>>> print(open('entry.pdb').read())   # PDB, C-alpha atoms and all ligand atoms
ATOM      1  CA  MET A  14       7.436   6.505  -9.713  1.00  0.00           C
ATOM      2  CA  ILE A  15       5.465   6.359  -6.485  1.00  0.00           C
ATOM      3  CA  ALA A  16       6.654   4.759  -3.260  1.00  0.00           C
ATOM      4  CA  ALA A  17       4.575   3.816  -0.206  1.00  0.00           C
ATOM      5  CA  ASN A  18       4.884   1.809   2.992  1.00  0.00           C
ATOM      6  CA  VAL A  19       2.938  -1.261   4.041  1.00  0.00           C
ATOM      7  CA  VAL A  20       0.766  -0.748   7.147  1.00  0.00           C
ATOM      8  CA  ARG A  21       2.283  -2.284  10.271  1.00  0.00           C
ATOM      9  CA  TRP A  22      -0.986  -3.916  11.278  1.00  0.00           C
ATOM     10  CA  ARG A  23      -4.209  -4.538   9.440  1.00  0.00           C
ATOM     11  CA  ARG A  24      -7.610  -5.636  10.679  1.00  0.00           C
ATOM     12  CA  TYR A  25      -8.598  -9.095   9.620  1.00  0.00           C
ATOM     13  CA  GLY A  26     -11.252 -11.772  10.083  1.00  0.00           C
ATOM     14  CA  VAL A  27     -14.929 -11.484  10.976  1.00  0.00           C
ATOM     15  CA  GLY A  28     -15.794  -7.819  11.587  1.00  0.00           C
ATOM     16  CA  GLY A  29     -12.101  -6.941  11.443  1.00  0.00           C
ATOM     17  CA  GLN A  30     -11.655  -8.159  15.007  1.00  0.00           C
ATOM     18  CA  GLU A  31      -8.269  -9.753  14.426  1.00  0.00           C
ATOM     19  CA  LEU A  32      -4.999  -8.027  13.665  1.00  0.00           C
ATOM     20  CA  ARG A  33      -2.347  -9.269  11.272  1.00  0.00           C
ATOM     21  CA  PRO A  34       1.140  -7.775  10.858  1.00  0.00           C
ATOM     22  CA  GLY A  35       1.721  -6.355   7.377  1.00  0.00           C
ATOM     23  CA  THR A  36       0.217  -8.373   4.544  1.00  0.00           C
ATOM     24  CA  LYS A  37       0.571 -11.983   3.505  1.00  0.00           C
ATOM     25  CA  SER A  38       3.490 -11.203   1.207  1.00  0.00           C
ATOM     26  CA  TYR A  39       4.991  -8.011   2.666  1.00  0.00           C
ATOM     27  CA  ARG A  40       6.305  -7.230   6.122  1.00  0.00           C
ATOM     28  CA  GLY A  41       4.589  -4.358   7.953  1.00  0.00           C
ATOM     29  CA  GLY A  42       6.447  -1.101   7.423  1.00  0.00           C
ATOM     30  CA  SER A  43       8.309  -2.274   4.339  1.00  0.00           C
ATOM     31  CA  LYS A  44       8.701   0.063   1.371  1.00  0.00           C
ATOM     32  CA  VAL A  45       7.122  -0.773  -1.960  1.00  0.00           C
ATOM     33  CA  HIS A  46       7.081   0.907  -5.370  1.00  0.00           C
ATOM     34  CA  VAL A  47       3.734   1.425  -7.021  1.00  0.00           C
ATOM     35  CA  ILE A  48       4.196   0.683 -10.705  1.00  0.00           C
ATOM     36  CA  GLY A  49       0.606   1.028 -11.845  1.00  0.00           C
ATOM     37  CA  SER A  50      -2.997  -0.029 -11.608  1.00  0.00           C
ATOM     38  CA  ARG A  51      -5.708  -1.338 -13.844  1.00  0.00           C
ATOM     39  CA  PRO A  52      -7.460   1.373 -15.876  1.00  0.00           C
ATOM     40  CA  GLY A  53      -9.930   3.360 -13.784  1.00  0.00           C
ATOM     41  CA  GLU A  54      -9.384   1.140 -10.768  1.00  0.00           C
ATOM     42  CA  HIS A  55      -7.240   2.370  -7.911  1.00  0.00           C
ATOM     43  CA  GLU A  56      -8.577   0.121  -5.143  1.00  0.00           C
ATOM     44  CA  HIS A  57      -5.794  -2.271  -6.068  1.00  0.00           C
ATOM     45  CA  LEU A  58      -2.288  -1.370  -7.116  1.00  0.00           C
ATOM     46  CA  THR A  59       0.546  -3.251  -8.720  1.00  0.00           C
ATOM     47  CA  THR A  60       3.606  -3.004  -6.517  1.00  0.00           C
ATOM     48  CA  VAL A  61       7.224  -4.109  -6.486  1.00  0.00           C
ATOM     49  CA  GLY A  62       8.859  -4.725  -3.132  1.00  0.00           C
ATOM     50  CA  ARG A  63      10.845  -7.208  -1.110  1.00  0.00           C
ATOM     51  CA  GLY A  64       8.832 -10.277  -0.174  1.00  0.00           C
ATOM     52  CA  ARG A  65       8.225 -11.126   3.455  1.00  0.00           C
ATOM     53  CA  HIS A  66       9.802 -14.567   3.320  1.00  0.00           C
ATOM     54  CA  THR A  67      12.549 -14.363   0.738  1.00  0.00           C
ATOM     55  CA  GLY A  68      13.654 -10.730   0.969  1.00  0.00           C
ATOM     56  CA  THR A  69      13.922 -10.705  -2.823  1.00  0.00           C
ATOM     57  CA  PHE A  70      11.845  -8.482  -5.103  1.00  0.00           C
ATOM     58  CA  ILE A  71       8.343  -9.552  -6.039  1.00  0.00           C
ATOM     59  CA  THR A  72       5.674  -7.960  -8.225  1.00  0.00           C
ATOM     60  CA  LEU A  73       2.306  -8.025  -6.536  1.00  0.00           C
ATOM     61  CA  ASP A  74      -1.247  -6.724  -6.919  1.00  0.00           C
ATOM     62  CA  MET A  75      -2.508  -5.600  -3.529  1.00  0.00           C
ATOM     63  CA  ALA A  76      -5.261  -3.586  -1.859  1.00  0.00           C
ATOM     64  CA  THR A  77      -4.499   0.140  -1.774  1.00  0.00           C
ATOM     65  CA  ARG A  78      -5.773   0.362   1.826  1.00  0.00           C
ATOM     66  CA  HIS A  79      -2.798  -1.699   3.052  1.00  0.00           C
ATOM     67  CA  LEU A  80      -0.420   1.083   2.017  1.00  0.00           C
ATOM     68  CA  HIS A  81       0.259   4.550   3.427  1.00  0.00           C
ATOM     69  CA  THR A  82       2.576   7.557   3.034  1.00  0.00           C
ATOM     70  CA  PHE A  83       2.433   7.567  -0.746  1.00  0.00           C
ATOM     71  CA  ARG A  84       5.064   9.890  -2.257  1.00  0.00           C
ATOM     72  CA  ALA A  85       6.819  10.564  -5.529  1.00  0.00           C
ATOM     73  CA  SER A  86      10.164   8.835  -5.562  1.00  0.00           C
ATOM     74  CA  LEU A  87      13.061   8.396  -7.940  1.00  0.00           C
ATOM     75  CA  ILE A  88      13.910   4.767  -8.553  1.00  0.00           C
ATOM     76  CA  ARG A  89      17.495   3.688  -8.860  1.00  0.00           C
ATOM     77  CA  SER A  90      17.182  -0.041  -8.235  1.00  0.00           C
ATOM     78  CA  PRO A  91      17.773  -1.828 -11.566  1.00  0.00           C
ATOM     79  CA  GLU A  92      15.574  -4.707 -10.439  1.00  0.00           C
ATOM     80  CA  VAL A  93      12.605  -2.424  -9.719  1.00  0.00           C
ATOM     81  CA  LEU A  94      13.098  -0.628 -13.038  1.00  0.00           C
ATOM     82  CA  ARG A  95      13.301  -3.926 -14.868  1.00  0.00           C
ATOM     83  CA  ARG A  96      10.047  -5.130 -13.297  1.00  0.00           C
ATOM     84  CA  ASP A  97       8.394  -1.799 -14.060  1.00  0.00           C
ATOM     85  CA  ALA A  98       9.472  -1.993 -17.714  1.00  0.00           C
ATOM     86  CA  GLY A  99       8.263  -5.577 -17.999  1.00  0.00           C
ATOM     87  CA  SER A 100       4.870  -4.871 -16.481  1.00  0.00           C
ATOM     88  CA  SER A 101       1.745  -4.601 -18.605  1.00  0.00           C
ATOM     89  CA  VAL A 102      -0.268  -2.627 -16.049  1.00  0.00           C
ATOM     90  CA  GLY A 103      -1.213   0.916 -16.926  1.00  0.00           C
ATOM     91  CA  ARG A 104       0.985   3.654 -15.569  1.00  0.00           C
ATOM     92  CA  VAL A 105      -1.272   6.393 -14.233  1.00  0.00           C
ATOM     93  CA  TRP A 106       1.260   9.198 -13.923  1.00  0.00           C
ATOM     94  CA  GLY A 107       4.041  10.711 -15.954  1.00  0.00           C
ATOM     95  CA  GLY A 108       6.414  13.271 -14.484  1.00  0.00           C
ATOM     96  CA  ARG A 109       7.214  14.180 -10.904  1.00  0.00           C
ATOM     97  CA  ALA A 110       4.418  16.759 -10.480  1.00  0.00           C
ATOM     98  CA  GLU A 111       1.861  14.258 -11.693  1.00  0.00           C
ATOM     99  CA  ALA A 112       3.303  11.534  -9.454  1.00  0.00           C
ATOM    100  CA  GLU A 113       2.941  13.841  -6.435  1.00  0.00           C
ATOM    101  CA  GLU A 114      -0.653  14.562  -7.387  1.00  0.00           C
ATOM    102  CA  VAL A 115      -1.471  10.873  -7.807  1.00  0.00           C
ATOM    103  CA  ALA A 116       0.346  10.030  -4.544  1.00  0.00           C
ATOM    104  CA  ALA A 117      -1.905  12.473  -2.661  1.00  0.00           C
ATOM    105  CA  ARG A 118      -4.966  10.955  -4.307  1.00  0.00           C
ATOM    106  CA  LEU A 119      -3.884   7.393  -3.416  1.00  0.00           C
ATOM    107  CA  GLU A 120      -3.249   8.475   0.190  1.00  0.00           C
ATOM    108  CA  ARG A 121      -6.853   9.702   0.462  1.00  0.00           C
ATOM    109  CA  LEU A 122      -8.145   6.579  -1.261  1.00  0.00           C
ATOM    110  CA  ALA A 123      -6.192   4.287   1.090  1.00  0.00           C
ATOM    111  CA  ALA A 124      -7.484   6.105   4.192  1.00  0.00           C
ATOM    112  CA  GLU A 125     -11.014   5.942   2.800  1.00  0.00           C
ATOM    113  CA  GLY A 126     -10.578   2.226   2.095  1.00  0.00           C
ATOM    114  CA  ARG A 127      -9.462   1.570   5.673  1.00  0.00           C
ATOM    115  CA  ARG A 128     -12.400   3.594   7.021  1.00  0.00           C
ATOM    116  CA  THR A 129     -15.064   1.889   4.938  1.00  0.00           C
ATOM    117  CA  ARG A 130     -13.707  -1.690   4.977  1.00  0.00           C
ATOM    118  CA  TRP A 131     -15.158  -2.377   8.419  1.00  0.00           C
ATOM    119  CA  GLU A 132     -17.831   0.335   8.454  1.00  0.00           C
ATOM    120  CA  GLY A 133     -19.954   0.139  11.596  1.00  0.00           C
ATOM    121  CA  GLU A 134     -17.793  -2.554  13.208  1.00  0.00           C
ATOM    122  CA  PRO A 135     -15.933  -1.493  16.366  1.00  0.00           C
ATOM    123  CA  HIS A 136     -12.165  -1.820  16.359  1.00  0.00           C
ATOM    124  CA  PRO A 137     -10.742  -4.624  18.487  1.00  0.00           C
ATOM    125  CA  THR A 138      -9.392  -3.459  21.863  1.00  0.00           C
ATOM    126  CA  PRO A 139      -6.597  -2.779  22.053  1.00  0.00           C
ATOM    127  CA  CYS A 140      -6.185  -2.002  18.349  1.00  0.00           C
ATOM    128  CA  ARG A 141      -2.994  -1.412  16.432  1.00  0.00           C
ATOM    129  CA  CYS A 142      -4.496  -0.878  12.976  1.00  0.00           C
ATOM    130  CA  HIS A 143      -3.057   1.993  10.928  1.00  0.00           C
ATOM    131  CA  GLU A 144      -5.912   4.321  11.844  1.00  0.00           C
ATOM    132  CA  CYS A 145      -5.509   3.729  15.576  1.00  0.00           C
ATOM    133  CA  LEU A 146      -1.698   3.885  15.483  1.00  0.00           C
ATOM    134  CA  THR A 147      -1.895   7.201  13.637  1.00  0.00           C
ATOM    135  CA  LEU A 148      -4.384   8.685  16.110  1.00  0.00           C
ATOM    136  CA  SER A 149      -2.642   7.642  19.323  1.00  0.00           C
ATOM    137  CA  PRO A 150       0.913   8.840  19.949  1.00  0.00           C
ATOM    138  CA  GLY A 151       3.337   6.003  20.691  1.00  0.00           C
TER     139      GLY A 151
HETATM  140 ZN    ZN B   1      -8.013   0.257  15.006  1.00  0.00          ZN
END
>>> encode(input="entry.pdb", output="structure tokens")
Amino acid sequence: MIAANVVRWRRYGVGGQELRPGTKSYRGGSKVHVIGSRPGEHEHLTTVGRGRHTGTFITLDMATRHLHTFRASLIRSPEVLRRDAGSSVGRVWGGRAEAEEVAARLERLAAEGRRTRWEGEPHPTPCRCHECLTLSPG
């Protein structure tokens, strides 16, 4: 399977001038498992992770650009495996090598999504979006 982390901050609102921590349902920085996506569509992914409010597992479709550090990962959590097995979304990778390949592709897609989402709009100042946090140390 593929794991990823939720961005700590995302741009939001008109022209991306506001910042929100994490996403509506996931805390920033939390780990999620990518269990699939709709055929031919990787802008959104189906994920399983612990919900922001309850701390219990949820299955959620979300924008790929709100995730980073995609990597192949072995799942041991019975709850995640159960949700994966019960999901009807298409799995887009098979073995470990393929998962690593897809993870690299999703990483590029997520970065591209963050770049183009607010194309031409300046970042708020100061900005803590994933792009800015990655560029500036500390
Ligand atoms: Zn920024």
>>> closest_residue(input="entry.pdb", among="A:Arg33, A:Arg40, A:Arg51, A:Arg23", to="A:Val102", atoms="only C-alpha atoms")
A:Arg51
>>> residues_around(input="entry.pdb", residues="A:Gly49", least_positions_apart="6", cutoff="10 Å", atoms="only C-alpha atoms", output="list in words")
Met14, Ile15, His55, His57, Leu58, Thr59, Thr60, Val61, Asp74, Asp97, Ser100, Ser101, Val102, Gly103, Arg104, Val105 and Trp106 of chain A
>>> residues_near_ligand(input="entry.pdb", ligand="ligand ZN 1 (chain B)", cutoff="6 Å", atoms="all atoms listed in the file", output="MDAnalysis selection string")
chainID A and resid 136 140:142 144:145
>>> residues_around(input="entry.pdb", residues="A:Glu134", least_positions_apart="4", cutoff="10 Å", atoms="all atoms listed in the file", output="mmCIF file with C-alpha atoms, keeping the file's coordinate frame")
data_model
loop_
_atom_site.group_PDB
_atom_site.id
_atom_site.type_symbol
_atom_site.label_atom_id
_atom_site.label_comp_id
_atom_site.auth_asym_id
_atom_site.auth_seq_id
_atom_site.Cartn_x
_atom_site.Cartn_y
_atom_site.Cartn_z
ATOM 1 C CA VAL A 27 -14.929 -11.484 10.976
ATOM 2 C CA GLY A 28 -15.794 -7.819 11.587
ATOM 3 C CA GLY A 29 -12.101 -6.941 11.443
ATOM 4 C CA GLN A 30 -11.655 -8.159 15.007
ATOM 5 C CA THR A 129 -15.064 1.889 4.938
ATOM 6 C CA ARG A 130 -13.707 -1.690 4.977
#
>>> closest_residue(input="entry.pdb", among="A:Phe70, A:Tyr25, A:Phe83, A:Tyr39", to="A:Ala116", atoms="all atoms listed in the file")
A:Phe83
>>> closest_residue(input="entry.pdb", among="A:Leu80, A:Thr147, A:Pro34, A:Leu119", to="A:Glu54", atoms="all atoms listed in the file")
A:Leu119
>>> resolve_selection(input="entry.pdb", expression="the PyMOL selection byres (((chain A and resi 123) around 8) and not hetatm)", output="list in words")
Glu56, Thr77, Arg78, His79, Leu80, His81, Leu119, Glu120, Arg121, Leu122, Ala124, Glu125, Gly126 and Arg127 of chain A
>>> resolve_selection(input="entry.pdb", expression="the PyMOL selection byres (((chain A and resi 16) around 6) and not hetatm)", output="list in words")
Ile15, Ala17, Val45, His46, Val47, Phe83, Arg84 and Ser86 of chain A
>>> atom_distance(input="entry.pdb", atom1="atom CA of A:Gly62", atom2="atom CA of A:Val20")
13.7 Å
>>> closest_residue(input="entry.pdb", among="A:Pro139, A:Gly26, A:Leu32, A:Val19", to="A:Arg63", atoms="all atoms listed in the file")
A:Val19
>>> closest_residue(input="entry.pdb", among="A:Val93, A:Gly35, A:Asn18, A:Arg24", to="A:Arg128", atoms="only C-alpha atoms")
A:Arg24
>>> atom_distance(input="entry.pdb", atom1="atom CA of A:Glu92", atom2="atom CA of A:Arg21")
24.7 Å
>>> closest_residue(input="entry.pdb", among="A:Gly107, A:Gly41, A:Gly133, A:Pro52", to="A:Arg65", atoms="only C-alpha atoms")
A:Gly41
>>> atom_distance(input="entry.pdb", atom1="atom CA of A:His143", atom2="atom CA of A:Gly42")
10.6 Å
